[in-house]
Structures are given as structure tokens and as C-alpha cells.
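my_file-v5.pdb follows; it contains PDB, C-alpha atoms.
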MODEL        1
ATOM      1  CA  PHE A1347      -9.544  14.534  -9.607
ATOM      2  CA  ASP A1348      -7.895  17.873  -9.023
ATOM      3  CA  GLY A1349      -6.623  17.451  -5.507
ATOM      4  CA  TRP A1350      -3.908  17.022  -2.982
ATOM      5  CA  MET A1351      -2.266  14.072  -1.344
ATOM      6  CA  ASN A1352       0.780  13.465   0.799
ATOM      7  CA  SER A1353       2.878  10.334   0.885
ATOM      8  CA  MET A1354       3.996   8.980   4.248
ATOM      9  CA  THR A1355       7.566   8.476   2.995
ATOM     10  CA  GLY A1356      10.045  11.287   3.559
ATOM     11  CA  PHE A1357      13.359  12.387   5.025
ATOM     12  CA  GLY A1358      14.755  15.685   6.276
ATOM     13  CA  ARG A1359      17.786  17.072   8.086
ATOM     14  CA  GLY A1360      18.323  20.270  10.059
ATOM     15  CA  ASP A1361      20.981  21.892  12.245
ATOM     16  CA  ALA A1362      21.316  24.857  14.601
ATOM     17  CA  GLN A1363      24.022  26.186  16.925
ATOM     18  CA  GLN A1364      23.810  27.016  20.614
ATOM     19  CA  ASP A1365      26.764  28.012  22.798
ATOM     20  CA  GLY A1366      29.345  26.493  20.474
ATOM     21  CA  ILE A1367      27.399  23.231  19.997
ATOM     22  CA  THR A1368      25.882  22.322  16.635
ATOM     23  CA  TRP A1369      22.692  20.333  17.102
ATOM     24  CA  LEU A1370      21.846  17.951  14.275
ATOM     25  CA  VAL A1371      18.321  16.584  13.776
ATOM     26  CA  GLU A1372      17.239  13.985  11.232
ATOM     27  CA  CYS A1373      13.586  13.062  10.538
ATOM     28  CA  SER A1374      12.426  10.076   8.530
ATOM     29  CA  SER A1375       8.927   8.721   8.011
ATOM     30  CA  VAL A1376       7.398   5.549   6.611
ATOM     31  CA  ASN A1377       3.836   4.294   6.303
ATOM     32  CA  ARG A1378       1.742   3.275   9.311
ATOM     33  CA  LYS A1379      -2.041   3.173   9.774
ATOM     34  CA  GLN A1380      -1.812   5.593  12.710
ATOM     35  CA  LEU A1381       0.691   8.228  13.823
ATOM     36  CA  GLU A1382       3.722   6.779  15.610
ATOM     37  CA  ILE A1383       6.565   9.024  16.782
ATOM     38  CA  VAL A1384       9.952   7.760  17.968
ATOM     39  CA  ILE A1385      12.484  10.320  19.261
ATOM     40  CA  ASN A1386      16.096   9.508  20.088
ATOM     41  CA  LEU A1387      17.547  12.213  22.364
ATOM     42  CA  PRO A1388      20.687  12.449  24.491
ATOM     43  CA  ARG A1389      19.728  11.014  27.881
ATOM     44  CA  GLU A1390      20.300  14.269  29.743
ATOM     45  CA  LEU A1391      17.788  16.063  27.469
ATOM     46  CA  GLY A1392      14.900  13.648  27.986
ATOM     47  CA  GLU A1393      12.597  16.447  29.158
ATOM     48  CA  LEU A1394      12.477  17.727  25.585
ATOM     49  CA  GLU A1395      10.752  14.636  24.219
ATOM     50  CA  ILE A1396       7.168  15.724  24.954
ATOM     51  CA  PRO A1397       7.402  19.227  23.406
ATOM     52  CA  LEU A1398       9.214  17.824  20.353
ATOM     53  CA  ARG A1399       6.587  15.084  20.038
ATOM     54  CA  ASN A1400       3.795  17.697  20.212
ATOM     55  CA  LEU A1401       5.508  19.762  17.519
ATOM     56  CA  ILE A1402       5.635  16.768  15.159
ATOM     57  CA  ALA A1403       2.049  15.700  15.926
ATOM     58  CA  GLY A1404       0.907  19.172  14.919
ATOM     59  CA  ARG A1405       2.379  18.726  11.428
ATOM     60  CA  VAL A1406       1.902  15.022  10.701
ATOM     61  CA  SER A1407      -1.297  12.972  11.012
ATOM     62  CA  ARG A1408      -0.237   9.504   9.866
ATOM     63  CA  GLY A1409       2.916   7.403   9.517
ATOM     64  CA  ARG A1410       5.870   6.319  11.641
ATOM     65  CA  VAL A1411       8.150   9.310  12.226
ATOM     66  CA  GLN A1412      11.613   8.650  13.628
ATOM     67  CA  VAL A1413      13.692  11.572  14.911
ATOM     68  CA  MET A1414      17.386  11.455  15.761
ATOM     69  CA  VAL A1415      18.830  14.334  17.804
ATOM     70  CA  ARG A1416      22.580  14.531  18.361
ATOM     71  CA  ALA A1417      25.259  17.103  19.005
ATOM     72  CA  ASP A1418      28.368  17.702  16.925
ATOM     73  CA  THR A1419      30.812  18.083  19.839
ATOM     74  CA  THR A1420      33.884  18.925  17.768
ATOM     75  CA  SER A1421      35.254  22.431  18.086
ATOM     76  CA  SER A1422      36.381  24.554  15.132
ATOM     77  CA  GLU A1423      39.903  23.196  15.667
ATOM     78  CA  GLY A1424      38.534  19.673  15.315
ATOM     79  CA  SER A1425      39.089  18.496  18.883
ATOM     80  CA  ALA A1426      36.295  17.105  21.030
ATOM     81  CA  VAL A1427      34.797  19.621  23.398
ATOM     82  CA  VAL A1428      35.087  17.701  26.683
ATOM     83  CA  ARG A1429      35.911  18.542  30.306
ATOM     84  CA  ILE A1430      37.986  16.285  32.553
ATOM     85  CA  ASP A1431      37.481  16.682  36.283
ATOM     86  CA  GLU A1432      41.003  15.871  37.501
ATOM     87  CA  ALA A1433      40.151  16.584  41.149
ATOM     88  CA  LEU A1434      37.277  14.109  41.038
ATOM     89  CA  ALA A1435      39.480  11.537  39.301
ATOM     90  CA  ALA A1436      42.112  11.962  42.019
ATOM     91  CA  GLN A1437      39.493  11.382  44.718
ATOM     92  CA  TYR A1438      38.289   8.227  42.968
ATOM     93  CA  LEU A1439      41.881   6.990  42.638
ATOM     94  CA  ALA A1440      42.772   7.674  46.277
ATOM     95  CA  GLY A1441      39.572   6.076  47.535
ATOM     96  CA  LEU A1442      39.947   2.971  45.360
ATOM     97  CA  ARG A1443      43.619   2.515  46.307
ATOM     98  CA  ALA A1444      42.721   2.768  49.989
ATOM     99  CA  LEU A1445      39.989   0.213  49.449
ATOM    100  CA  GLY A1446      42.427  -2.081  47.626
ATOM    101  CA  ALA A1447      44.936  -1.833  50.480
ATOM    102  CA  ASN A1448      42.278  -2.598  53.078
ATOM    103  CA  LEU A1449      40.985  -5.596  51.137
ATOM    104  CA  GLN A1450      44.478  -6.645  50.029
ATOM    105  CA  VAL A1451      43.460  -6.381  46.343
ATOM    106  CA  PRO A1452      46.289  -5.548  43.853
ATOM    107  CA  ASP A1453      46.288  -2.004  42.470
ATOM    108  CA  ASN A1454      45.685  -2.619  38.752
ATOM    109  CA  LEU A1455      43.546   0.414  37.904
ATOM    110  CA  SER A1456      44.010   1.732  34.344
ATOM    111  CA  LEU A1457      43.456   5.227  32.980
ATOM    112  CA  ALA A1458      40.611   3.950  30.802
ATOM    113  CA  GLU A1459      38.811   2.519  33.838
ATOM    114  CA  ILE A1460      39.153   5.779  35.758
ATOM    115  CA  ALA A1461      37.826   7.751  32.761
ATOM    116  CA  LYS A1462      34.644   5.644  32.823
ATOM    117  CA  LEU A1463      33.829   6.596  36.415
ATOM    118  CA  PRO A1464      30.798   8.954  36.705
ATOM    119  CA  GLY A1465      31.616  12.634  36.232
ATOM    120  CA  VAL A1466      35.332  12.226  35.374
ATOM    121  CA  VAL A1467      34.883  12.931  31.643
ATOM    122  CA  GLN A1468      31.987  15.063  30.455
ATOM    123  CA  SER A1469      31.136  16.154  26.934
ATOM    124  CA  GLN A1470      29.939  19.674  26.362
ATOM    125  CA  THR A1471      26.390  18.338  25.825
ATOM    126  CA  GLN A1472      26.387  16.884  29.319
ATOM    127  CA  GLN A1473      27.113  20.317  30.697
ATOM    128  CA  ILE A1474      24.301  22.150  28.915
ATOM    129  CA  ALA A1475      20.910  22.624  30.524
ATOM    130  CA  THR A1476      17.739  21.470  28.782
ATOM    131  CA  ASP A1477      16.280  24.977  28.590
ATOM    132  CA  GLU A1478      19.501  26.206  26.964
ATOM    133  CA  ALA A1479      19.502  23.464  24.323
ATOM    134  CA  ALA A1480      15.768  23.595  23.546
ATOM    135  CA  PRO A1481      15.728  26.611  21.150
ATOM    136  CA  ALA A1482      18.481  25.208  18.915
ATOM    137  CA  ILE A1483      17.088  21.671  18.881
ATOM    138  CA  THR A1484      13.600  22.989  18.098
ATOM    139  CA  ALA A1485      14.961  25.137  15.260
ATOM    140  CA  ALA A1486      16.864  22.162  13.819
ATOM    141  CA  LEU A1487      13.740  20.004  14.074
ATOM    142  CA  GLU A1488      11.713  22.666  12.246
ATOM    143  CA  GLN A1489      14.218  22.518   9.355
ATOM    144  CA  ALA A1490      14.199  18.720   9.278
ATOM    145  CA  LEU A1491      10.399  18.574   9.392
ATOM    146  CA  ALA A1492      10.083  21.103   6.561
ATOM    147  CA  GLN A1493      12.390  18.995   4.343
ATOM    148  CA  MET A1494      10.614  15.762   5.263
ATOM    149  CA  LEU A1495       7.160  17.212   4.592
ATOM    150  CA  ALA A1496       8.326  18.641   1.258
ATOM    151  CA  MET A1497       9.506  15.165   0.244
ATOM    152  CA  ARG A1498       6.196  13.658   1.419
ATOM    153  CA  GLU A1499       4.344  16.191  -0.751
ATOM    154  CA  THR A1500       6.507  15.430  -3.801
ATOM    155  CA  GLU A1501       5.997  11.689  -3.354
ATOM    156  CA  GLY A1502       2.291  12.386  -2.841
ATOM    157  CA  ARG A1503       2.032  14.003  -6.277
ATOM    158  CA  HIS A1504       3.317  10.777  -7.854
ATOM    159  CA  LEU A1505       0.773   8.792  -5.830
ATOM    160  CA  ARG A1506      -2.038  11.094  -6.891
ATOM    161  CA  THR A1507      -1.137  10.885 -10.595
ATOM    162  CA  ASP A1508      -1.148   7.096 -10.520
ATOM    163  CA  ILE A1509      -4.436   6.944  -8.595
ATOM    164  CA  GLU A1510      -6.048   9.454 -11.006
ATOM    165  CA  GLN A1511      -5.190   7.228 -13.962
ATOM    166  CA  ARG A1512      -6.506   4.095 -12.259
ATOM    167  CA  LEU A1513      -9.691   5.854 -11.131
ATOM    168  CA  ALA A1514     -10.357   6.924 -14.741
ATOM    169  CA  ALA A1515      -9.868   3.315 -15.893
ATOM    170  CA  LEU A1516     -12.252   2.194 -13.147
ATOM    171  CA  GLU A1517     -14.922   4.591 -14.413
ATOM    172  CA  VAL A1518     -14.618   3.158 -17.919
ATOM    173  CA  HIS A1519     -15.235  -0.342 -16.568
ATOM    174  CA  LEU A1520     -18.291   0.885 -14.646
ATOM    175  CA  GLU A1521     -19.678   2.570 -17.786
ATOM    176  CA  ASN A1522     -19.234  -0.652 -19.758
ATOM    177  CA  ILE A1523     -21.060  -2.595 -17.040
ATOM    178  CA  LYS A1524     -23.799   0.068 -17.010
ATOM    179  CA  GLU A1525     -24.287  -0.302 -20.789
ATOM    180  CA  LYS A1526     -24.349  -4.080 -20.631
ATOM    181  CA  ALA A1527     -26.560  -4.490 -17.524
ATOM    182  CA  PRO A1528     -29.979  -3.892 -19.204
ATOM    183  CA  THR A1529     -29.328  -6.657 -21.741
ATOM    184  CA  VAL A1530     -28.847  -9.340 -19.081
ATOM    185  CA  PRO A1531     -32.576 -10.209 -18.557
ATOM    186  CA  GLU A1532     -33.205 -10.346 -22.311
ATOM    187  CA  HIS A1533     -30.190 -12.601 -22.779
ATOM    188  CA  HIS A1534     -31.507 -14.849 -20.016
ATOM    189  CA  ARG A1535     -34.994 -14.937 -21.663
ATOM    190  CA  LYS A1536     -33.473 -16.113 -24.938
ATOM    191  CA  GLN A1537     -31.339 -18.730 -23.210
ATOM    192  CA  LEU A1538     -34.332 -20.026 -21.260
ATOM    193  CA  HIS A1539     -36.493 -20.238 -24.378
ATOM    194  CA  GLN A1540     -33.724 -22.039 -26.259
ATOM    195  CA  ARG A1541     -33.400 -24.623 -23.486
ATOM    196  CA  LEU A1542     -37.144 -25.143 -23.469
ATOM    197  CA  GLU A1543     -37.151 -25.690 -27.223
ATOM    198  CA  GLU A1544     -34.232 -28.098 -26.966
ATOM    199  CA  SER A1545     -36.033 -30.005 -24.212
ATOM    200  CA  GLY A1546     -39.099 -30.359 -26.397
ATOM    201  CA  LEU A1547     -41.420 -28.701 -23.883
ATOM    202  CA  PRO A1548     -44.098 -26.728 -25.785
ATOM    203  CA  ILE A1549     -44.122 -23.619 -23.550
ATOM    204  CA  PRO A1550     -44.867 -20.415 -25.501
ATOM    205  CA  LEU A1551     -43.025 -17.151 -24.724
ATOM    206  CA  GLU A1552     -46.253 -15.626 -23.379
ATOM    207  CA  ASP A1553     -46.739 -18.416 -20.864
ATOM    208  CA  GLU A1554     -47.377 -16.973 -17.411
ATOM    209  CA  ARG A1555     -44.878 -19.269 -15.739
ATOM    210  CA  LEU A1556     -42.134 -18.245 -18.171
ATOM    211  CA  ILE A1557     -42.944 -14.553 -17.784
ATOM    212  CA  LYS A1558     -42.823 -14.908 -13.999
ATOM    213  CA  GLU A1559     -39.460 -16.700 -14.121
ATOM    214  CA  ILE A1560     -37.978 -14.012 -16.362
ATOM    215  CA  ALA A1561     -39.367 -11.272 -14.091
ATOM    216  CA  LEU A1562     -37.803 -12.884 -11.011
ATOM    217  CA  PHE A1563     -34.469 -13.232 -12.772
ATOM    218  CA  ALA A1564     -34.593  -9.613 -13.966
ATOM    219  CA  ASP A1565     -35.152  -8.502 -10.388
ATOM    220  CA  ARG A1566     -32.283 -10.632  -9.072
ATOM    221  CA  THR A1567     -29.905  -9.399 -11.788
ATOM    222  CA  ASP A1568     -30.800  -5.695 -11.572
ATOM    223  CA  LEU A1569     -27.513  -3.842 -11.066
ATOM    224  CA  SER A1570     -28.940  -0.320 -10.944
ATOM    225  CA  GLU A1571     -28.476   0.122  -7.177
ATOM    226  CA  GLU A1572     -24.854  -1.110  -7.228
ATOM    227  CA  ILE A1573     -24.054   1.082 -10.243
ATOM    228  CA  ALA A1574     -25.625   4.125  -8.546
ATOM    229  CA  ARG A1575     -23.667   3.552  -5.321
ATOM    230  CA  ALA A1576     -20.403   3.031  -7.213
ATOM    231  CA  SER A1577     -21.023   6.262  -9.157
ATOM    232  CA  SER A1578     -21.594   8.030  -5.833
ATOM    233  CA  HIS A1579     -18.281   6.655  -4.542
ATOM    234  CA  PHE A1580     -16.480   8.343  -7.442
ATOM    235  CA  SER A1581     -17.983  11.678  -6.400
ATOM    236  CA  GLN A1582     -16.992  11.135  -2.776
ATOM    237  CA  PHE A1583     -13.496  10.023  -3.776
ATOM    238  CA  ARG A1584     -12.944  13.304  -5.631
ATOM    239  CA  ALA A1585     -14.616  15.383  -2.920
ATOM    240  CA  TYR A1586     -11.936  14.380  -0.409
ATOM    241  CA  HIS A1587      -9.398  16.283  -2.515
ATOM    242  CA  THR A1588     -11.025  19.689  -2.521
ATOM    243  CA  ASP A1589      -8.941  20.870   0.439
ATOM    244  CA  LYS A1590      -5.644  20.062   2.107
ATOM    245  CA  GLU A1591      -6.831  17.531   4.633
ATOM    246  CA  PRO A1592      -5.218  14.085   5.021
ATOM    247  CA  ALA A1593      -7.513  11.652   3.187
ATOM    248  CA  GLY A1594      -5.685   8.301   3.276
ATOM    249  CA  ARG A1595      -8.014   6.594   5.750
ATOM    250  CA  PRO A1596     -11.374   7.710   4.242
ATOM    251  CA  LEU A1597     -10.149   6.879   0.729
ATOM    252  CA  ASP A1598      -9.080   3.437   1.906
ATOM    253  CA  PHE A1599     -12.617   2.940   3.255
ATOM    254  CA  LEU A1600     -14.115   4.027  -0.090
ATOM    255  CA  VAL A1601     -11.957   1.511  -1.951
ATOM    256  CA  HIS A1602     -13.379  -1.172   0.339
ATOM    257  CA  GLU A1603     -16.901  -0.017  -0.586
ATOM    258  CA  PHE A1604     -15.992  -0.066  -4.291
ATOM    259  CA  PHE A1605     -14.913  -3.700  -3.907
ATOM    260  CA  ARG A1606     -18.239  -4.539  -2.284
ATOM    261  CA  GLU A1607     -20.260  -3.033  -5.161
ATOM    262  CA  PHE A1608     -18.214  -4.639  -7.953
ATOM    263  CA  ASN A1609     -18.292  -8.028  -6.210
ATOM    264  CA  THR A1610     -22.080  -7.820  -6.004
ATOM    265  CA  MET A1611     -22.343  -6.836  -9.674
ATOM    266  CA  GLY A1612     -20.245  -9.821 -10.682
ATOM    267  CA  SER A1613     -22.258 -12.295  -8.618
ATOM    268  CA  LYS A1614     -25.674 -10.923  -9.679
ATOM    269  CA  ALA A1615     -25.061 -10.514 -13.406
ATOM    270  CA  SER A1616     -23.979 -14.052 -14.373
ATOM    271  CA  ASN A1617     -22.656 -12.515 -17.575
ATOM    272  CA  ALA A1618     -19.219 -13.210 -19.058
ATOM    273  CA  GLU A1619     -18.692  -9.712 -20.438
ATOM    274  CA  ILE A1620     -19.720  -8.023 -17.195
ATOM    275  CA  ALA A1621     -17.578 -10.506 -15.253
ATOM    276  CA  HIS A1622     -14.588  -9.487 -17.387
ATOM    277  CA  HIS A1623     -15.084  -5.799 -16.491
ATOM    278  CA  VAL A1624     -15.608  -6.680 -12.810
ATOM    279  CA  VAL A1625     -12.300  -8.579 -12.686
ATOM    280  CA  ALA A1626     -10.471  -5.728 -14.450
ATOM    281  CA  ALA A1627     -12.067  -3.163 -12.094
ATOM    282  CA  LYS A1628     -11.025  -5.153  -9.019
ATOM    283  CA  THR A1629      -7.464  -5.306 -10.359
ATOM    284  CA  GLU A1630      -7.406  -1.490 -10.609
ATOM    285  CA  LEU A1631      -8.929  -1.198  -7.131
ATOM    286  CA  GLU A1632      -6.262  -3.453  -5.655
ATOM    287  CA  LYS A1633      -3.551  -1.232  -7.142
ATOM    288  CA  ILE A1634      -5.282   1.900  -5.833
ATOM    289  CA  ARG A1635      -5.470   0.290  -2.384
ATOM    290  CA  GLU A1636      -1.746  -0.484  -2.499
ATOM    291  CA  GLN A1637      -0.972   3.143  -3.331
ATOM    292  CA  LEU A1638      -3.260   4.407  -0.578
ATOM    293  CA  GLN A1639      -1.305   2.350   1.973
ATOM    294  CA  ASN A1640       1.367   5.066   1.675
ATOM    295  CA  ALA A1641      -0.993   8.048   1.558
ATOM    296  CA  GLU A1642      -1.382  10.304   4.587
TER     297      GLU A1642
ENDMDL
END
Spit out the file's structure as C-alpha cells when you get a sec.
Amino acid sequence: FDGWMNSMTGFGRGDAQQDGITWLVECSSVNRKQLEIVINLPRELGELEIPLRNLIAGRVSRGRVQVMVRADTTSSEGSAVVRIDEALAAQYLAGLRALGANLQVPDNLSLAEIAKLPGVVQSQTQQIATDEAAPAITAALEQALAQMLAMRETEGRHLRTDIEQRLAALEVHLENIKEKAPTVPEHHRKQLHQRLEESGLPIPLEDERLIKEIALFADRTDLSEEIARASSHFSQFRAYHTDKEPAGRPLDFLVHEFFREFNTMGSKASNAEIAHHVVAAKTELEKIREQLQNAE
């Protein structure tokens, strides 16, 4: 089929600057039946999660998308951009020493312990407001998403090529079954007559009971409806690729319907040659289903 398909596997990276901070965003996606979005943001920028989630949901319909947002807090000179509130640290120290004296606890405070106290050491990201960071983070996410979606499209082309080849092989098997199906009742008639002859029962071919038995068998082994439905599935399968709409789920459903038709053909025909084509067709269908597990 001449169509379009995206994989659910992809990766992308983007960056943007805002007030001396470089925001880095990485997006990765893997297969899932539904859309699942996981965003890792600095705690102080939690308000951004919903708008970022909505942005991703507008571009992706299926798969698990994981987004990592972080800030490169090193200045051009290579030193960390942090602020130390010495006045606050001094207040902490004085208050803790007074507490230690009152409780008669030894003064063993270290610099590292003081630095961990809330507000003493702040990175530049802790000082930036959400509305100030949002434009840069959104721009970086746009870049990352574009790269990830481009990779998903490239991987999708490989998926599509493989599925096209397997679908063509599937059609050949259906054509072979279609050619063989009309001979099944006649083959059964000959087998039945041979068994009657071997049994010594003098029943002529024009006997009403024999004709009725052959007619019932012909009706039970008629594959025309299954062949017609399977042929229709091929048309539907290709129709889903006439426009750029995610088709993973409907195609997965069609593969299930293909399995149903070929299973019925195999059970109704009771023919070794048809059974061979049914088994081969189901093998191709299983491989198509595996590929569709990663199709958007």
C-alpha cells in the first residue's frame, strides 16, 4: 500500500536560553497501547507540567513519552550560578547555637550542614519564576519533539516497508486458497466413493443418499464468504493509509479479523494444501501484528 505510518520509538533533544540559563529538554518514546506522558521538571516549575503535557498530547497519539527538563546552571566562566544568603545562614547559626546552649548540646555544626538549611544556597533556577522560564522550556520542548517525531517517522517507514512485503505474501496465500477451494467438494466425493468401493457397499454415484452427503459437505466446506471478507480486509488495510492519521489500533484490529477468517478456512476445508497456506498466512499475520505493536 502507498501510505504513511509512524513508529512509537524515537528520541529528541532541544535547548533554549532565558536570562543566562540554558534549558535542556530530552524526549524519548516507546510503544504503549495508549498515550502515556511522563514529565520530569524541577520542583519549583511544577506549574508547567499541564501546558507541556497538552503540547505533547497535541502531537502524539500513542506511546509512552518521557520528558526530562533540566537547567544547565554553569556560567560562561564554568562556575555554578548560585546565590548564598549569608545573612540567613548567620541567623540559622546564631539561633542553633542559642538552642544548643539552652539544651546543653555541644556545638558541632558543620558548614555542609548549614548549607543544607532551607534558603541558604539557591541555584539560579530556584530564583526564576515559572512564567519567566516557560517560553524557553517550551521552545526547547518544541525542538526535542520535532527531532523525536522525525525519528518516529523514519522508523515508521521501515515498519511500513516490512508490513507491505508481508501483506503481499498474505495475498498470495489467499489467492492460492481461492484457487484450491472449489476442488475440495470434488476431492471429498472421490474419497467417499473410494471408501464405499473398498467397503464393498454397492452404492452408485447417482444414489440420492450419496448426492445429499456430498451436497452437505460442499456447503460446510464452502470458503467463499471467508475469502470475500479477507479480500475486503486487504482493501480496508490499505485504505487506512490514504491520509496521515495514526492507524496502529485499527490495523491491529484488522489483523485480528484476518486471523479469524484464515482459522475458519483451515477448519472448514479439511485439505492439506489449503492447511499449508493457512499456516503460512498465519505466520505472516503474526509478524505483521508484532510490527504493528510499535506503530502509532
- Care to translate the PyMOL selection byres ((chain A and resi 1435-1452) around 12) into actual residues of this file, as a list of chain:residue names? A:Arg1429, A:Ile1430, A:Asp1431, A:Glu1432, A:Ala1433, A:Leu1434, A:Asp1453, A:Asn1454, A:Leu1455, A:Ser1456, A:Leu1457, A:Ala1458, A:Glu1459, A:Ile1460, A:Ala1461, A:Lys1462, A:Leu1463, A:Pro1464, A:Gly1465, A:Val1466, A:Val1467
- Note on the structure: Residue with the minimum atom-to-atom distance to Glu1525 of chain A, picked from A:Leu1513, A:Leu1569, A:Leu1538, A:Leu1505 with only C-alpha atoms counted, is A:Leu1569
- If you measure from atom CA of Gln1363 of chain A to atom CA of Arg1410 of chain A, what distance in Å do you get, rounded to one decimal?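 A separation of 27.4 Å between them.
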- Counting all atoms listed in the file, figure out which residue out of A:Val1371, A:Leu1387, A:Ala1574, A:Ile1634 gets nearest to Ala1486 of chain A.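 Going through A:Val1371, A:Leu1387, A:Ala1574, A:Ile1634 one by one, the smallest distance to Ala1486 of chain A is for A:Val1371.
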- Query: Mind telling me what the PyMOL selection byres ((chain A and resi 1633) around 12) catches here, as a list in words?
  - Reply: Leu1505, Asp1508, Ile1509, Glu1510, Gln1511, Arg1512, Leu1513, Ala1515, Leu1516, Asp1598, Val1601, Ala1626, Ala1627, Lys1628, Thr1629, Glu1630, Leu1631, Glu1632, Ile1634, Arg1635, Glu1636, Gln1637, Leu1638, Gln1639 and Asn1640 of chain A
- Item | Two-atom distance - atom CA of Arg1405 of chain A, atom CA of Asp1418 of chain A (Å) |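 Rounded to one decimal, the two atoms are 26.6 Å apart.
Comparing A:Arg1541, A:His1504, A:Lys1558, A:His1623 by their smallest distance to Lys1526 of chain A, the closest is A:His1623 (using only C-alpha atoms).
Within the 9 Å cut-off around Gly1358 of chain A, using only C-alpha atoms and omitting residues fewer than 5 positions from it on the same chain, the listed residues are Val1371, Glu1372, Cys1373, Ser1374, Leu1487, Gln1489, Ala1490, Leu1491, Ala1492, Gln1493, Met1494, Leu1495, Ala1496 and Met1497 of chain A.
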